[in-house]
file query_4.tsv (TSV, C-alpha atoms)
chain	number	residue	atom	x	y	z
A	1	MET	CA	73.15	137.63	35.75
A	2	LYS	CA	73.31	134.54	33.51
A	3	CYS	CA	74.78	131.11	34.02
A	4	ARG	CA	77.99	130.71	32.05
A	5	LYS	CA	77.00	127.23	30.91
A	6	CYS	CA	73.30	127.37	30.09
A	7	GLY	CA	72.36	131.05	30.04
A	8	GLY	CA	69.69	130.54	32.70
A	9	ALA	CA	69.31	132.70	35.80
A	10	ALA	CA	72.48	132.51	37.90
A	11	ALA	CA	72.38	131.52	41.58
A	12	LEU	CA	75.96	132.42	42.38
A	13	GLU	CA	78.59	134.75	40.97
A	14	LEU	CA	82.21	133.60	41.21
A	15	ARG	CA	84.16	136.80	40.70
A	16	ARG	CA	87.55	135.10	40.95
A	17	HIS	CA	86.58	132.97	37.94
A	18	ASN	CA	84.75	135.84	36.23
A	19	ALA	CA	81.77	133.53	35.98
A	20	ALA	CA	78.29	132.84	37.32
A	21	PHE	CA	76.37	129.58	37.51
A	22	CYS	CA	72.78	128.46	37.93
A	23	SER	CA	72.10	126.03	40.75
A	24	PRO	CA	72.59	122.73	38.82
A	25	HIS	CA	75.72	123.95	37.05
A	26	PHE	CA	77.18	125.37	40.26
A	27	LEU	CA	76.72	121.98	41.96
A	28	GLU	CA	78.42	120.39	38.96
A	29	PHE	CA	81.29	122.89	39.18
A	30	PHE	CA	81.64	122.21	42.93
A	31	THR	CA	81.74	118.45	42.47
A	32	LYS	CA	84.34	118.76	39.70
A	33	GLN	CA	86.57	120.90	41.92
A	34	VAL	CA	86.45	118.26	44.66
A	35	ALA	CA	87.19	115.50	42.14
A	36	GLU	CA	90.13	117.52	40.78
A	37	ALA	CA	91.55	117.96	44.29
A	38	ILE	CA	91.23	114.24	45.10
A	39	HIS	CA	92.75	113.20	41.78
A	40	LYS	CA	95.58	115.74	41.63
A	41	HIS	CA	96.86	114.98	45.12
A	42	HIS	CA	96.07	111.26	45.15
A	43	MET	CA	94.03	111.83	48.31
A	44	PHE	CA	92.28	108.45	48.37
A	45	ALA	CA	91.20	105.67	46.06
A	46	ARG	CA	87.59	105.12	45.04
A	47	ASP	CA	87.21	102.04	47.27
A	48	GLU	CA	89.25	103.27	50.24
A	49	PRO	CA	87.33	103.99	53.47
A	50	VAL	CA	87.54	107.69	54.38
A	51	LEU	CA	86.92	109.12	57.83
A	52	VAL	CA	85.34	112.56	57.40
A	53	ALA	CA	85.82	114.90	60.35
A	54	VAL	CA	82.54	116.80	60.75
A	55	SER	CA	81.73	119.76	62.97
A	56	GLY	CA	78.13	120.46	62.01
A	57	GLY	CA	79.28	123.46	59.98
A	58	LYS	CA	78.84	124.06	56.25
A	59	ASP	CA	82.28	122.95	55.11
A	60	SER	CA	82.54	119.53	56.69
A	61	LEU	CA	78.92	118.59	55.99
A	62	ALA	CA	79.25	119.79	52.38
A	63	LEU	CA	82.37	117.64	52.07
A	64	TRP	CA	80.67	114.59	53.52
A	65	ASP	CA	77.66	115.15	51.23
A	66	VAL	CA	79.68	115.41	48.05
A	67	LEU	CA	81.77	112.34	48.91
A	68	ILE	CA	78.63	110.30	49.62
A	69	ASN	CA	77.09	111.48	46.33
A	70	GLU	CA	80.22	110.54	44.44
A	71	GLY	CA	80.06	107.01	45.84
A	72	TYR	CA	82.98	107.07	48.25
A	73	ARG	CA	82.99	104.80	51.31
A	74	THR	CA	82.78	107.21	54.22
A	75	ALA	CA	82.05	107.46	57.92
A	76	GLY	CA	81.84	110.64	59.97
A	77	LEU	CA	83.74	111.60	63.08
A	78	TYR	CA	82.32	114.25	65.39
A	79	LEU	CA	84.51	115.60	68.17
A	80	ASP	CA	82.38	116.91	71.01
A	81	LEU	CA	84.33	119.89	72.33
A	82	GLY	CA	81.94	120.51	75.19
A	83	ILE	CA	81.33	124.14	74.18
A	84	PHE	CA	77.96	124.65	75.85
A	85	ASP	CA	74.84	124.72	73.59
A	86	TYR	CA	77.02	125.23	70.52
A	87	SER	CA	78.43	121.70	70.75
A	88	GLN	CA	75.03	120.18	71.48
A	89	GLU	CA	73.47	121.85	68.45
A	90	SER	CA	76.33	121.03	66.10
A	91	LYS	CA	76.37	117.40	67.25
A	92	ALA	CA	72.61	117.12	66.68
A	93	ARG	CA	73.05	118.38	63.11
A	94	CYS	CA	75.77	115.82	62.41
A	95	GLU	CA	73.61	113.03	63.82
A	96	ARG	CA	70.60	114.08	61.73
A	97	PHE	CA	72.79	114.33	58.60
A	98	ALA	CA	74.25	110.84	59.14
A	99	THR	CA	70.88	109.26	59.93
A	100	ALA	CA	69.19	110.79	56.88
A	101	ARG	CA	71.90	109.36	54.62
A	102	GLY	CA	72.36	106.02	56.38
A	103	GLN	CA	75.95	106.78	57.32
A	104	THR	CA	77.94	105.86	60.41
A	105	LEU	CA	78.88	108.71	62.72
A	106	TYR	CA	81.49	108.19	65.42
A	107	VAL	CA	81.43	110.59	68.36
A	108	GLU	CA	84.38	111.30	70.63
A	109	ARG	CA	84.21	113.53	73.68
A	110	VAL	CA	87.18	115.82	74.20
A	111	ALA	CA	86.39	116.01	77.91
A	112	GLU	CA	86.93	112.26	78.28
A	113	ALA	CA	90.27	112.39	76.49
A	114	ILE	CA	91.74	115.49	78.07
A	115	GLY	CA	89.98	115.62	81.42
A	116	ALA	CA	87.88	118.72	80.79
A	117	PRO	CA	85.79	120.34	78.05
A	118	ILE	CA	87.48	122.98	75.86
A	119	PRO	CA	86.17	126.03	77.81
A	120	GLU	CA	87.64	124.57	81.01
A	121	VAL	CA	90.92	123.73	79.24
A	122	GLN	CA	91.15	127.34	78.11
A	123	ARG	CA	90.42	128.59	81.63
A	124	VAL	CA	92.99	126.50	83.43
A	125	THR	CA	95.78	126.58	80.83
A	126	ARG	CA	95.26	130.19	79.71
A	127	ARG	CA	96.38	129.26	76.20
A	128	PRO	CA	94.33	130.57	73.26
A	129	THR	CA	91.13	128.54	72.95
A	130	CYS	CA	91.62	127.85	69.24
A	131	SER	CA	95.12	126.59	69.94
A	132	ALA	CA	94.00	123.99	72.51
A	133	CYS	CA	91.01	123.11	70.35
A	134	GLY	CA	93.06	122.63	67.18
A	135	LEU	CA	95.65	120.55	68.98
A	136	SER	CA	92.97	118.34	70.52
A	137	LYS	CA	91.19	117.89	67.20
A	138	ARG	CA	94.32	116.86	65.30
A	139	TYR	CA	95.27	114.39	68.03
A	140	LEU	CA	91.83	112.85	68.41
A	141	MET	CA	91.20	112.65	64.66
A	142	ASN	CA	94.35	110.62	64.21
A	143	ARG	CA	93.67	108.44	67.24
A	144	ALA	CA	90.11	107.74	66.12
A	145	ALA	CA	91.24	106.90	62.58
A	146	LEU	CA	93.85	104.44	63.83
A	147	ALA	CA	91.47	102.82	66.30
A	148	ARG	CA	88.84	102.27	63.61
A	149	GLY	CA	91.11	101.19	60.77
A	150	PHE	CA	90.96	104.32	58.59
A	151	ALA	CA	94.20	105.22	56.80
A	152	VAL	CA	92.93	108.65	55.76
A	153	VAL	CA	91.05	111.50	57.43
A	154	ALA	CA	89.33	114.17	55.31
A	155	THR	CA	88.67	117.61	56.76
A	156	GLY	CA	86.54	120.48	55.47
A	157	HIS	CA	89.30	123.07	55.18
A	158	ASN	CA	88.45	125.39	52.29
A	159	LEU	CA	90.43	127.89	50.21
A	160	ASP	CA	89.79	130.71	52.70
A	161	ASP	CA	90.97	128.57	55.63
A	162	GLU	CA	94.12	127.61	53.79
A	163	ALA	CA	94.85	131.15	52.59
A	164	ALA	CA	94.38	132.52	56.12
A	165	THR	CA	96.66	129.83	57.58
A	166	LEU	CA	99.28	130.61	54.93
A	167	PHE	CA	98.99	134.32	55.65
A	168	GLY	CA	99.55	133.72	59.38
A	169	SER	CA	102.51	131.45	58.74
A	170	VAL	CA	104.11	133.98	56.41
A	171	LEU	CA	103.56	136.84	58.86
A	172	HIS	CA	105.63	134.95	61.44
A	173	TRP	CA	107.78	133.05	58.94
A	174	GLN	CA	106.88	129.80	60.64
A	175	MET	CA	109.06	127.56	58.53
A	176	ASP	CA	107.75	124.30	59.98
A	177	ALA	CA	104.15	125.34	59.33
A	178	LEU	CA	104.99	126.44	55.79
A	179	SER	CA	106.66	123.11	55.10
A	180	ARG	CA	103.55	121.26	56.30
A	181	GLN	CA	100.91	123.32	54.49
A	182	ALA	CA	99.51	121.16	51.72
A	183	PRO	CA	96.16	119.83	50.47
A	184	ALA	CA	97.29	116.31	51.33
A	185	LEU	CA	99.62	115.35	54.15
A	186	PRO	CA	101.13	111.91	53.68
A	187	SER	CA	101.58	109.41	56.47
A	188	THR	CA	105.17	109.68	57.67
A	189	HIS	CA	104.83	107.09	60.44
A	190	ALA	CA	102.93	103.83	60.83
A	191	LYS	CA	100.74	105.49	63.46
A	192	LEU	CA	99.89	108.58	61.42
A	193	ALA	CA	96.80	108.62	59.22
A	194	ARG	CA	96.96	110.68	56.01
A	195	ARG	CA	95.14	114.00	56.25
A	196	VAL	CA	93.49	115.46	53.18
A	197	LYS	CA	91.52	118.62	52.36
A	198	PRO	CA	89.35	117.98	49.30
A	199	LEU	CA	87.70	121.44	49.55
A	200	TYR	CA	90.91	123.43	49.31
A	201	ARG	CA	90.02	124.59	45.78
A	202	LEU	CA	86.67	126.02	46.91
A	203	SER	CA	86.00	129.25	48.75
A	204	GLU	CA	83.92	129.66	51.88
A	205	LEU	CA	81.21	131.35	49.80
A	206	GLU	CA	81.12	128.33	47.52
A	207	THR	CA	80.90	125.74	50.31
A	208	ALA	CA	78.12	127.78	51.95
A	209	ALA	CA	76.26	128.01	48.64
A	210	TYR	CA	76.65	124.27	48.06
A	211	ALA	CA	75.32	123.49	51.56
A	212	PHE	CA	72.35	125.82	51.03
A	213	LEU	CA	71.48	124.52	47.57
A	214	ARG	CA	71.77	120.92	48.79
A	215	LYS	CA	69.47	121.83	51.71
A	216	ILE	CA	72.03	120.74	54.29
A	217	ASP	CA	70.98	121.78	57.79
A	218	TYR	CA	74.27	123.16	59.07
A	219	ILE	CA	75.01	125.34	62.08
A	220	VAL	CA	75.21	128.96	60.92
A	221	GLU	CA	76.18	130.43	64.27
A	222	GLU	CA	79.90	130.74	64.73
A	223	CYS	CA	81.80	129.13	67.58
A	224	PRO	CA	81.52	131.43	70.64
A	225	PHE	CA	85.32	131.34	70.95
A	226	ALA	CA	85.97	132.31	67.31
A	227	LYS	CA	85.29	136.01	67.90
A	228	GLY	CA	88.62	137.79	68.09
A	229	ALA	CA	90.59	134.75	66.91
A	230	THR	CA	93.68	135.61	64.92
A	231	SER	CA	92.65	133.38	62.01
A	232	MET	CA	89.38	135.33	61.75
A	233	ALA	CA	91.26	138.62	61.63
A	234	HIS	CA	93.42	137.24	58.83
A	235	LYS	CA	90.32	136.12	56.93
A	236	GLU	CA	88.81	139.59	57.24
A	237	LEU	CA	91.96	141.19	55.86
A	238	LEU	CA	92.05	138.76	52.95
A	239	ASN	CA	88.35	139.35	52.25
A	240	ARG	CA	88.99	143.10	51.92
A	241	LEU	CA	91.82	142.35	49.53
A	242	GLU	CA	89.58	139.97	47.56
A	243	GLU	CA	86.86	142.62	47.27
A	244	SER	CA	89.19	145.00	45.47
A	245	SER	CA	91.16	142.32	43.66
A	246	PRO	CA	89.06	139.22	42.88
A	247	GLY	CA	91.22	136.10	42.81
A	248	ALA	CA	93.76	137.44	45.30
A	249	LYS	CA	93.18	134.64	47.81
A	250	HIS	CA	93.26	132.01	45.10
A	251	ASN	CA	96.49	133.36	43.61
A	252	PHE	CA	98.10	133.68	47.04
A	253	LEU	CA	97.37	130.07	48.00
A	254	PHE	CA	97.84	128.42	44.63
A	255	GLY	CA	100.97	130.45	43.92
A	256	PHE	CA	102.43	129.15	47.15
A	257	LEU	CA	101.43	125.55	46.45
A	258	ASP	CA	102.60	125.59	42.83
A	259	LYS	CA	105.73	127.72	43.07
A	260	ALA	CA	106.94	128.38	46.60
A	261	ARG	CA	106.10	125.42	48.80
A	262	VAL	CA	108.93	123.32	47.42
A	263	ALA	CA	111.38	125.83	48.91
A	264	PHE	CA	110.09	125.04	52.41
A	265	GLU	CA	110.08	121.26	52.15
A	266	HIS	CA	112.59	119.53	54.36
A	267	VAL	CA	113.57	122.80	56.03
A	268	GLU	CA	113.41	121.19	59.44
A	269	PRO	CA	113.56	117.41	59.20
A	270	VAL	CA	112.18	115.86	62.37
A	271	THR	CA	112.51	112.44	63.93
A	272	LEU	CA	109.18	110.96	64.86
A	273	GLN	CA	108.75	108.66	67.82
A	274	GLU	CA	105.94	107.39	70.00
A	275	CYS	CA	104.78	109.39	73.00
A	276	GLN	CA	105.83	107.70	76.25
A	277	ALA	CA	102.41	108.30	77.76
A	278	CYS	CA	99.92	107.51	74.99
A	279	GLY	CA	101.87	105.92	72.14
A	280	GLN	CA	100.79	108.50	69.55
A	281	VAL	CA	103.38	110.03	67.26
A	282	THR	CA	105.42	112.99	68.46
A	283	THR	CA	108.81	114.59	68.05
A	284	GLY	CA	109.63	114.56	71.77
A	285	GLU	CA	109.20	112.20	74.69
A	286	LEU	CA	105.68	113.39	75.40
A	287	CYS	CA	103.23	114.57	72.78
A	288	ALA	CA	101.70	118.05	73.01
A	289	PHE	CA	98.27	116.59	73.75
A	290	CYS	CA	99.54	114.63	76.77
A	291	LYS	CA	101.33	117.75	78.03
A	292	LEU	CA	98.09	119.69	77.70
A	293	ALA	CA	96.11	116.92	79.44
A	294	ASP	CA	98.69	116.82	82.22
A	295	GLN	CA	98.43	120.57	82.63
A	296	VAL	CA	94.66	120.22	82.98
A	297	ARG	CA	95.06	117.40	85.52
A	298	ARG	CA	97.61	119.35	87.54
A	299	SER	CA	95.36	122.38	87.68
A	300	GLY	CA	92.51	120.17	88.86
A	301	ARG	CA	94.82	118.58	91.37
A	302	SER	CA	95.88	122.00	92.63
A	303	SER	CA	92.32	122.98	93.32
A	304	ARG	CA	91.61	119.57	94.89
A	305	THR	CA	94.81	119.83	96.94
A	306	ALA	CA	93.72	123.19	98.23
A	307	ARG	CA	90.44	121.66	99.29
A	308	GLY	CA	92.35	118.64	100.72
A	309	ILE	CA	94.45	120.86	102.95
A	310	GLU	CA	91.29	122.15	104.52
A	311	GLU	CA	89.97	118.60	104.90
A	312	ARG	CA	93.24	117.25	106.37
A	313	SER	CA	93.39	120.06	108.83
A	314	ALA	CA	90.29	118.45	110.28
A	315	GLY	CA	92.21	115.16	110.82
A	316	ALA	CA	92.26	113.27	107.47
A	317	GLY	CA	95.62	112.10	106.06
A	318	ASP	CA	94.90	109.67	103.25
A	319	THR	CA	97.11	110.30	100.18
A	320	SER	CA	96.05	107.25	98.17
A	321	GLY	CA	94.02	109.38	95.82
A	322	GLN	CA	97.03	111.52	95.08
A	323	GLU	CA	99.14	108.41	94.36
A	324	ASP	CA	96.49	107.19	91.93
A	325	ARG	CA	96.61	110.47	90.08
A	326	GLU	CA	100.40	110.41	89.94
A	327	ARG	CA	100.22	107.10	88.07
A	328	VAL	CA	98.05	108.61	85.38
A	329	MET	CA	100.88	110.49	83.74
A	330	PRO	CA	104.30	108.79	83.69
A	331	GLY	CA	107.41	110.51	82.36
A	332	PRO	CA	109.05	113.85	83.03
A	333	PRO	CA	107.12	116.98	83.98
A	334	PRO	CA	105.84	118.88	80.96
A	335	ARG	CA	107.64	121.86	79.52
A	336	LEU	CA	105.68	124.97	78.81
A	337	VAL	CA	104.86	125.41	75.13
A	338	GLN	CA	104.88	129.06	74.17
A	339	ALA	CA	102.74	130.49	71.40
A	340	PRO	CA	104.61	132.63	68.85
A	341	SER	CA	104.73	136.25	69.90
A	342	THR	CA	103.07	138.86	67.73
A	343	THR	CA	105.39	141.58	68.98
A	344	VAL	CA	108.39	142.72	66.95
A	345	SER	CA	111.67	143.09	68.78
A	346	ILE	CA	113.90	146.04	67.87
A	347	GLU	CA	117.43	145.04	66.96
B	1	MET	CA	61.62	144.79	53.09
B	2	LYS	CA	62.67	142.73	56.05
B	3	VAL	CA	66.33	141.78	56.27
B	4	ILE	CA	67.44	139.07	58.68
B	5	LEU	CA	71.06	139.31	59.77
B	6	ARG	CA	73.01	136.64	61.68
B	7	ASN	CA	75.72	136.43	64.31
B	8	PRO	CA	73.99	137.84	66.26
B	9	ARG	CA	70.54	137.26	64.77
B	10	ARG	CA	68.61	140.49	64.25
B	11	GLU	CA	66.17	142.01	61.83
B	12	ILE	CA	66.00	145.37	60.11
B	13	ALA	CA	63.27	146.93	57.98
B	14	LEU	CA	64.05	148.93	54.84
B	15	THR	CA	61.86	150.73	52.36
B	16	GLY	CA	62.19	150.91	48.59
B	17	LYS	CA	63.59	148.74	45.80
B	18	ARG	CA	67.30	148.30	45.32
B	19	ARG	CA	69.85	145.89	43.90
B	20	VAL	CA	71.47	143.37	46.24
B	21	LYS	CA	74.86	144.99	45.81
B	22	GLU	CA	73.39	148.34	46.89
B	23	LEU	CA	71.75	146.72	49.90
B	24	LEU	CA	75.05	145.17	50.98
B	25	ARG	CA	76.85	148.47	50.50
B	26	GLU	CA	74.28	150.18	52.75
B	27	LEU	CA	74.82	147.49	55.37
B	28	ASP	CA	78.63	147.78	54.98
B	29	ILE	CA	78.94	144.09	54.13
B	30	LEU	CA	81.42	142.70	51.60
B	31	ALA	CA	79.57	140.81	48.86
B	32	GLY	CA	81.87	137.80	48.97
B	33	THR	CA	81.33	137.19	52.67
B	34	VAL	CA	77.59	136.45	52.70
B	35	LEU	CA	74.86	134.52	50.96
B	36	VAL	CA	71.79	136.62	50.22
B	37	ILE	CA	68.78	134.34	50.46
B	38	ARG	CA	65.15	134.90	49.45
B	39	GLY	CA	63.03	131.87	50.26
B	40	ASP	CA	64.82	128.90	48.73
B	41	GLU	CA	66.86	130.88	46.20
B	42	LEU	CA	70.25	132.55	46.27
B	43	LEU	CA	70.39	136.08	44.90
B	44	THR	CA	73.24	137.51	42.84
B	45	SER	CA	74.46	141.07	43.30
B	46	ASP	CA	72.44	142.45	40.36
B	47	THR	CA	69.09	141.08	41.57
B	48	VAL	CA	66.54	143.79	42.40
B	49	VAL	CA	64.85	143.16	45.72
B	50	ASP	CA	61.41	144.53	46.42
B	51	GLU	CA	59.57	146.29	49.19
B	52	ASP	CA	57.78	143.17	50.41
B	53	ASP	CA	60.73	140.75	50.16
B	54	VAL	CA	62.07	138.90	53.19
B	55	LEU	CA	65.80	138.39	52.87
B	56	GLU	CA	68.35	136.57	54.93
B	57	VAL	CA	71.94	137.80	54.81
B	58	ARG	CA	73.89	134.76	55.97
B	59	PRO	CA	77.62	135.10	56.71
B	60	VAL	CA	79.86	132.41	55.29
B	61	MET	CA	82.97	133.02	57.37
B	62	SER	CA	83.65	130.33	59.91
B	63	GLY	CA	86.54	129.12	61.93
B	64	GLY	CA	88.76	129.99	64.76
B	65	GLY	CA	90.48	126.67	65.10
B	66	ALA	CA	91.74	124.09	62.74

call {"tool": "encode", "arguments": {"input": "query_4.tsv", "output": "structure tokens"}}
result
Amino acid sequence: MKCRKCGGAAALELRRHNAAFCSPHFLEFFTKQVAEAIHKHHMFARDEPVLVAVSGGKDSLALWDVLINEGYRTAGLYLDLGIFDYSQESKARCERFATARGQTLYVERVAEAIGAPIPEVQRVTRRPTCSACGLSKRYLMNRAALARGFAVVATGHNLDDEAATLFGSVLHWQMDALSRQAPALPSTHAKLARRVKPLYRLSELETAAYAFLRKIDYIVEECPFAKGATSMAHKELLNRLEESSPGAKHNFLFGFLDKARVAFEHVEPVTLQECQACGQVTTGELCAFCKLADQVRRSGRSSRTARGIEERSAGAGDTSGQEDRERVMPGPPPRLVQAPSTTVSIE
Amino acid sequence: MKVILRNPRREIALTGKRRVKELLRELDILAGTVLVIRGDELLTSDTVVDEDDVLEVRPVMSGGGA
């Protein structure tokens, strides 16, 4: 197979473009796609500081690498989810990447913010792990950006991620999600950083190839909680479609962005306000993250209370600790947030 | 040839030459979902791999959460 540009031996075939590229010309293609995404959606200016959310995986490290190479002012943000060895290894890769390139890497621990690491959050709340994880990431990315003076956060979402998200939203006709799906989300409140996805034009195969050819040491193992995740099932379905019809994922996503997304804009206008507990932006009195954190605290309190009953039965009666914990979370008790059902009701 | 597979990591041994696309078909792997690596080079689907090659078939799918 020959490179489309120079006729040399190809390193990667891009069936959706009916093309193949050698290593140097593929890296050039990749960089141009990122530049096109940044330019087309006015993601950030050349001299604007960008906070790049990195996980240690191929996408986010490829994104950080290409932005550094293109001369953008960047810093990394790693969110330590507390997922056993997986988090330790992915954090180590981010640290090595940042050190080798002389970049700043900020690290935030989810366990400090929410009261427990992600596996414990999943255990006590019984909500899908990816749901609690995604919610925590979005919240902490925005909080970290505000605290450190970044107006924009860049994430490594690629074409496959975006197509799978779109597929899931369409399956359930989640109008609010469809209205929000875009390569660049503007700031709609003084306390909301812009969120941008400069890799949305590039497939997962392409980001992996870029990371390999650039000799980026990324974590190949998948998150232990990803197995069985709905988004993974959607990706597998789309990959089968892509195999028989190259370009299907591209056309699905870009068709939506170019032709259909406008129909979903402003479908559900919301009023944003500041969370009574943490001050971050939300549509209700308490933000979803504070509700989740409160749920984690209450579950911990329940287990401690159970132990306390045993202790008090031996003569202790001090409730000061309980009063301290009550002060942690002001405001009304949280409402349960239900995930959309996958079942179909018969009318 | 030795083929290293990931998630979970395991190795298989195969005999005979074949093209990468034939190898992936035998392994029931979609071509667009993996990188096929030999040393420090990426292989395209028409590359013929040899008896004494060591290959890594590295999945590219990641995710779960946002």

call {"tool": "residues_around", "arguments": {"input": "query_4.tsv", "residues": "Leu30 (chain B)", "least_positions_apart": "2", "cutoff": "10 Å", "atoms": "only C-alpha atoms", "output": "ChimeraX atom specification"}}
result
/A:236,239-240,242-243 /B:21,24-25,27-28,32-34,59

call {"tool": "interface_residues", "arguments": {"input": "query_4.tsv", "of": "chain A", "to": "chain B", "cutoff": "9 Å", "atoms": "all atoms listed in the file", "output": "PyMOL selection string"}}
result
chain A and resi 1+10-15+20+23+57-59+129-135+137-138+157+160-161+204-209+212-213+215+220-223+225-232+235-236+239-240+242-243

call {"tool": "residues_near_point", "arguments": {"input": "query_4.tsv", "point": "(64.5, 144.8, 54.7)", "cutoff": "6 Å", "atoms": "only C-alpha atoms", "output": "ChimeraX atom specification"}}
result
/B:1-3,12-14

call {"tool": "atom_distance", "arguments": {"input": "query_4.tsv", "atom1": "CA of Ala144 (chain A)", "atom2": "CA of Leu272 (chain A)"}}
result
19.4 Å

call {"tool": "residues_around", "arguments": {"input": "query_4.tsv", "residues": "Lys17 (chain B)", "least_positions_apart": "5", "cutoff": "8 Å", "atoms": "all atoms listed in the file", "output": "ChimeraX atom specification"}}
result
/B:48-51

call {"tool": "closest_residue", "arguments": {"input": "query_4.tsv", "among": "A:Ser136, A:Asn142, A:Gln273, A:Ser87", "to": "Leu192 (chain A)", "atoms": "all atoms listed in the file"}}
result
A:Asn142

call {"tool": "atom_distance", "arguments": {"input": "query_4.tsv", "atom1": "CA of Tyr210 (chain A)", "atom2": "CA of Phe30 (chain A)"}}
result
7.4 Å

call {"tool": "atom_distance", "arguments": {"input": "query_4.tsv", "atom1": "CA of Gln280 (chain A)", "atom2": "CA of Ser179 (chain A)"}}
result
21.4 Å

call {"tool": "closest_residue", "arguments": {"input": "query_4.tsv", "among": "A:Thr104, A:Gln181, A:Ser244, A:Thr125", "to": "Thr74 (chain A)", "atoms": "only C-alpha atoms"}}
result
A:Thr104

call {"tool": "residues_around", "arguments": {"input": "query_4.tsv", "residues": "Met141 (chain A)", "least_positions_apart": "2", "cutoff": "10 Å", "atoms": "only C-alpha atoms", "output": "list of chain:residue names"}}
result
A:Leu51, A:Val52, A:Ala53, A:Leu77, A:Tyr78, A:Leu79, A:Glu108, A:Ser136, A:Lys137, A:Arg138, A:Tyr139, A:Arg143, A:Ala144, A:Ala145, A:Leu146, A:Ala147, A:Val152, A:Val153, A:Ala154, A:Thr155, A:Ala193, A:Arg195

call {"tool": "residues_around", "arguments": {"input": "query_4.tsv", "residues": "Asp65 (chain A)", "least_positions_apart": "5", "cutoff": "10 Å", "atoms": "all atoms listed in the file", "output": "PyMOL selection string"}}
result
chain A and resi 59-60+70+74+97-98+101+210-211+214+216
